[in-house]
Amino acid sequence: MKAIKLVVLDVDGVLTDGKLYIGSDREEYKAFHTQDGMGISLARYTGVKIAIITGRNSPSVEKRANELKIDYVYQGIHDKLTVLEELKAELHIDSDEICYIGDDINDLPILQNVGFPAAPNNAVPFVKEHVKYIAKLNGGEGAVREILDHLLALQCDYNALLSDYLGGKVKVTQ
């Protein structure tokens, strides 16, 4: 497996539990897991770029992405594969150097075109048939962290990374 240089995330069902919370004020609310945030921050520290490509538009996604300093955020996207192709060209990377984490059939075009397709445990069964890694955890419950930890352990000295963090060299946001 080539080293992963870009991790692309879906939001609903991956970074969140997939439920849509809409308040009486008509605002949409999403719950994000802080362990996923730590995993994203650690991956970014190692040089991995992070992108979000999601079909919905949500101010809470923009806020969370800003907190975590996510490199690329695309919302309201229905043709996710075209956006991915643009990212590949901009970053001068191959499909083999990309991990995509998705949970539903709208994620299949990308999942079938990256080197490391992954899914949370609560992904729909058809998606699970098309990925290399299925997290034990559900989306919104630490699945992204689990997958990122797995990738980082494969391509860097994870104990050294933890030492850097514990020694104060890594400044991260959960």
# chains A, B, ... in the order shown; residues from 1 in each chain; ligands from 1

$ select_by_dssp --residues "chain A" --states "alpha helix (DSSP H)" --output "ChimeraX atom specification"
/A:34-45,59-68,80-91,108-111,125-128,143-155,158-166

$ residues_around --residues "A:His130" --least-positions-apart "6" --cutoff "10 Å" --atoms "only C-alpha atoms" --output "ChimeraX atom specification"
/A:108,111-112,117-119

$ closest_residue --among "A:Ala89, A:Val61, A:Ile50, A:Leu42" --to "A:Glu28" --atoms "only C-alpha atoms"
A:Val61

$ closest_residue --among "A:Lys132, A:Lys5, A:His92, A:Arg145" --to "A:Phe32" --atoms "only C-alpha atoms"
A:Arg145

$ residues_around --residues "stretch 10-24 of chain A" --least-positions-apart "5" --cutoff "8 Å" --atoms "only C-alpha atoms" --output "list in words"
Tyr29, Lys30, Ala31, Phe32, His33, Asp36, Ile52, Ile53, Thr54, Val61, Tyr100, Ile101, Gly102, Asp103, Asp107, Ala119, Pro120, Asn122, Ala123, Asn138, Gly139, Gly140, Glu141, Ala143 and Val144 of chain A

$ residues_around --residues "stretch 62-70 of chain A" --least-positions-apart "4" --cutoff "9 Å" --atoms "only C-alpha atoms" --output "number ranges by chain"
A: 32, 37-38, 40-41, 44, 49-52, 57-58, 75, 172-174

$ closest_residue --among "A:Asp104, A:Tyr45, A:Asn113, A:Asp96" --to "A:Leu81" --atoms "only C-alpha atoms"
A:Asn113

$ atom_distance --atom1 "atom CA of A:Leu91" --atom2 "atom CA of A:Val7"
12.3 Å

$ select_by_dssp --residues "chain A" --states "strand (DSSP E)" --output "PDB file with N, CA, C and O atoms, in the first residue's frame"
ATOM      1  N   LEU A   6      -3.747  11.941   1.557  1.00  0.00           N
ATOM      2  CA  LEU A   6      -4.995  12.683   1.688  1.00  0.00           C
ATOM      3  C   LEU A   6      -6.069  11.761   2.247  1.00  0.00           C
ATOM      4  O   LEU A   6      -6.266  10.657   1.737  1.00  0.00           O
ATOM      5  N   VAL A   7      -6.735  12.217   3.277  1.00  0.00           N
ATOM      6  CA  VAL A   7      -7.903  11.517   3.821  1.00  0.00           C
ATOM      7  C   VAL A   7      -9.112  12.396   3.553  1.00  0.00           C
ATOM      8  O   VAL A   7      -9.130  13.570   3.927  1.00  0.00           O
ATOM      9  N   VAL A   8     -10.104  11.812   2.891  1.00  0.00           N
ATOM     10  CA  VAL A   8     -11.328  12.528   2.556  1.00  0.00           C
ATOM     11  C   VAL A   8     -12.463  11.926   3.376  1.00  0.00           C
ATOM     12  O   VAL A   8     -12.628  10.705   3.423  1.00  0.00           O
ATOM     13  N   LEU A   9     -13.245  12.798   3.984  1.00  0.00           N
ATOM     14  CA  LEU A   9     -14.320  12.381   4.883  1.00  0.00           C
ATOM     15  C   LEU A   9     -15.680  12.827   4.382  1.00  0.00           C
ATOM     16  O   LEU A   9     -15.840  13.974   3.956  1.00  0.00           O
ATOM     17  N   TYR A  21     -30.489  16.637  13.462  1.00  0.00           N
ATOM     18  CA  TYR A  21     -31.184  17.284  14.565  1.00  0.00           C
ATOM     19  C   TYR A  21     -31.583  18.671  14.092  1.00  0.00           C
ATOM     20  O   TYR A  21     -30.717  19.497  13.793  1.00  0.00           O
ATOM     21  N   ILE A  22     -32.878  18.926  14.010  1.00  0.00           N
ATOM     22  CA  ILE A  22     -33.365  20.227  13.567  1.00  0.00           C
ATOM     23  C   ILE A  22     -34.197  20.824  14.688  1.00  0.00           C
ATOM     24  O   ILE A  22     -35.207  20.249  15.107  1.00  0.00           O
ATOM     25  N   GLU A  28     -29.981  23.428  12.059  1.00  0.00           N
ATOM     26  CA  GLU A  28     -29.550  22.034  12.040  1.00  0.00           C
ATOM     27  C   GLU A  28     -28.387  21.880  13.012  1.00  0.00           C
ATOM     28  O   GLU A  28     -27.450  22.684  12.990  1.00  0.00           O
ATOM     29  N   TYR A  29     -28.445  20.852  13.832  1.00  0.00           N
ATOM     30  CA  TYR A  29     -27.402  20.591  14.811  1.00  0.00           C
ATOM     31  C   TYR A  29     -26.767  19.240  14.524  1.00  0.00           C
ATOM     32  O   TYR A  29     -27.445  18.298  14.115  1.00  0.00           O
ATOM     33  N   LYS A  49      -3.013  15.476   4.503  1.00  0.00           N
ATOM     34  CA  LYS A  49      -4.033  16.493   4.257  1.00  0.00           C
ATOM     35  C   LYS A  49      -5.399  15.879   4.531  1.00  0.00           C
ATOM     36  O   LYS A  49      -5.623  14.689   4.294  1.00  0.00           O
ATOM     37  N   ILE A  50      -6.326  16.704   5.004  1.00  0.00           N
ATOM     38  CA  ILE A  50      -7.684  16.253   5.313  1.00  0.00           C
ATOM     39  C   ILE A  50      -8.669  17.079   4.500  1.00  0.00           C
ATOM     40  O   ILE A  50      -8.552  18.305   4.419  1.00  0.00           O
ATOM     41  N   ALA A  51      -9.653  16.393   3.926  1.00  0.00           N
ATOM     42  CA  ALA A  51     -10.712  17.065   3.175  1.00  0.00           C
ATOM     43  C   ALA A  51     -12.062  16.529   3.618  1.00  0.00           C
ATOM     44  O   ALA A  51     -12.183  15.373   4.020  1.00  0.00           O
ATOM     45  N   ILE A  52     -13.055  17.378   3.530  1.00  0.00           N
ATOM     46  CA  ILE A  52     -14.454  16.985   3.719  1.00  0.00           C
ATOM     47  C   ILE A  52     -15.152  17.218   2.393  1.00  0.00           C
ATOM     48  O   ILE A  52     -15.010  18.294   1.794  1.00  0.00           O
ATOM     49  N   ILE A  53     -15.883  16.203   1.941  1.00  0.00           N
ATOM     50  CA  ILE A  53     -16.759  16.364   0.780  1.00  0.00           C
ATOM     51  C   ILE A  53     -18.119  15.819   1.206  1.00  0.00           C
ATOM     52  O   ILE A  53     -18.256  14.621   1.460  1.00  0.00           O
ATOM     53  N   TYR A  72      -9.412  21.195   3.323  1.00  0.00           N
ATOM     54  CA  TYR A  72     -10.357  21.430   2.228  1.00  0.00           C
ATOM     55  C   TYR A  72     -11.762  21.052   2.688  1.00  0.00           C
ATOM     56  O   TYR A  72     -11.961  19.960   3.218  1.00  0.00           O
ATOM     57  N   VAL A  73     -12.717  21.937   2.456  1.00  0.00           N
ATOM     58  CA  VAL A  73     -14.104  21.662   2.833  1.00  0.00           C
ATOM     59  C   VAL A  73     -15.007  21.982   1.646  1.00  0.00           C
ATOM     60  O   VAL A  73     -15.027  23.118   1.160  1.00  0.00           O
ATOM     61  N   TYR A  74     -15.734  20.977   1.198  1.00  0.00           N
ATOM     62  CA  TYR A  74     -16.678  21.120   0.092  1.00  0.00           C
ATOM     63  C   TYR A  74     -18.042  20.658   0.584  1.00  0.00           C
ATOM     64  O   TYR A  74     -18.206  19.484   0.943  1.00  0.00           O
ATOM     65  N   ILE A  98      -4.889   8.028  -1.495  1.00  0.00           N
ATOM     66  CA  ILE A  98      -6.071   8.633  -0.877  1.00  0.00           C
ATOM     67  C   ILE A  98      -6.851   7.595  -0.089  1.00  0.00           C
ATOM     68  O   ILE A  98      -7.079   6.484  -0.556  1.00  0.00           O
ATOM     69  N   CYS A  99      -7.282   7.996   1.093  1.00  0.00           N
ATOM     70  CA  CYS A  99      -8.238   7.234   1.892  1.00  0.00           C
ATOM     71  C   CYS A  99      -9.544   8.019   1.876  1.00  0.00           C
ATOM     72  O   CYS A  99      -9.540   9.237   2.074  1.00  0.00           O
ATOM     73  N   TYR A 100     -10.628   7.319   1.613  1.00  0.00           N
ATOM     74  CA  TYR A 100     -11.944   7.944   1.714  1.00  0.00           C
ATOM     75  C   TYR A 100     -12.756   7.154   2.722  1.00  0.00           C
ATOM     76  O   TYR A 100     -12.762   5.917   2.699  1.00  0.00           O
ATOM     77  N   ILE A 101     -13.433   7.871   3.608  1.00  0.00           N
ATOM     78  CA  ILE A 101     -14.305   7.235   4.590  1.00  0.00           C
ATOM     79  C   ILE A 101     -15.734   7.657   4.293  1.00  0.00           C
ATOM     80  O   ILE A 101     -16.078   8.836   4.370  1.00  0.00           O
ATOM     81  N   PHE A 116      -7.405   3.430  -0.414  1.00  0.00           N
ATOM     82  CA  PHE A 116      -7.813   2.881   0.876  1.00  0.00           C
ATOM     83  C   PHE A 116      -9.242   3.331   1.203  1.00  0.00           C
ATOM     84  O   PHE A 116      -9.453   4.313   1.910  1.00  0.00           O
ATOM     85  N   PRO A 117     -10.240   2.602   0.691  1.00  0.00           N
ATOM     86  CA  PRO A 117     -11.628   2.905   1.043  1.00  0.00           C
ATOM     87  C   PRO A 117     -11.955   2.316   2.420  1.00  0.00           C
ATOM     88  O   PRO A 117     -11.574   1.187   2.722  1.00  0.00           O
ATOM     89  N   ALA A 118     -12.643   3.090   3.240  1.00  0.00           N
ATOM     90  CA  ALA A 118     -12.980   2.654   4.598  1.00  0.00           C
ATOM     91  C   ALA A 118     -14.385   3.104   4.950  1.00  0.00           C
ATOM     92  O   ALA A 118     -14.935   4.020   4.331  1.00  0.00           O
ATOM     93  N   ALA A 119     -14.941   2.453   5.969  1.00  0.00           N
ATOM     94  CA  ALA A 119     -16.318   2.770   6.388  1.00  0.00           C
ATOM     95  C   ALA A 119     -16.462   2.562   7.883  1.00  0.00           C
ATOM     96  O   ALA A 119     -15.806   1.701   8.461  1.00  0.00           O
ATOM     97  N   TYR A 133     -11.413  -1.513   4.792  1.00  0.00           N
ATOM     98  CA  TYR A 133     -11.385  -1.466   6.261  1.00  0.00           C
ATOM     99  C   TYR A 133     -12.747  -1.021   6.767  1.00  0.00           C
ATOM    100  O   TYR A 133     -13.271   0.004   6.329  1.00  0.00           O
ATOM    101  N   ILE A 134     -13.299  -1.803   7.689  1.00  0.00           N
ATOM    102  CA  ILE A 134     -14.551  -1.452   8.364  1.00  0.00           C
ATOM    103  C   ILE A 134     -14.213  -1.231   9.834  1.00  0.00           C
ATOM    104  O   ILE A 134     -13.706  -2.145  10.507  1.00  0.00           O
TER     105      ILE A 134
END

$ closest_residue --among "A:Gly76, A:Val114, A:Glu129, A:Ser60" --to "A:Asp94" --atoms "only C-alpha atoms"
A:Val114

$ atom_distance --atom1 "atom CA of A:Gln35" --atom2 "atom CA of A:Glu90"
29.1 Å
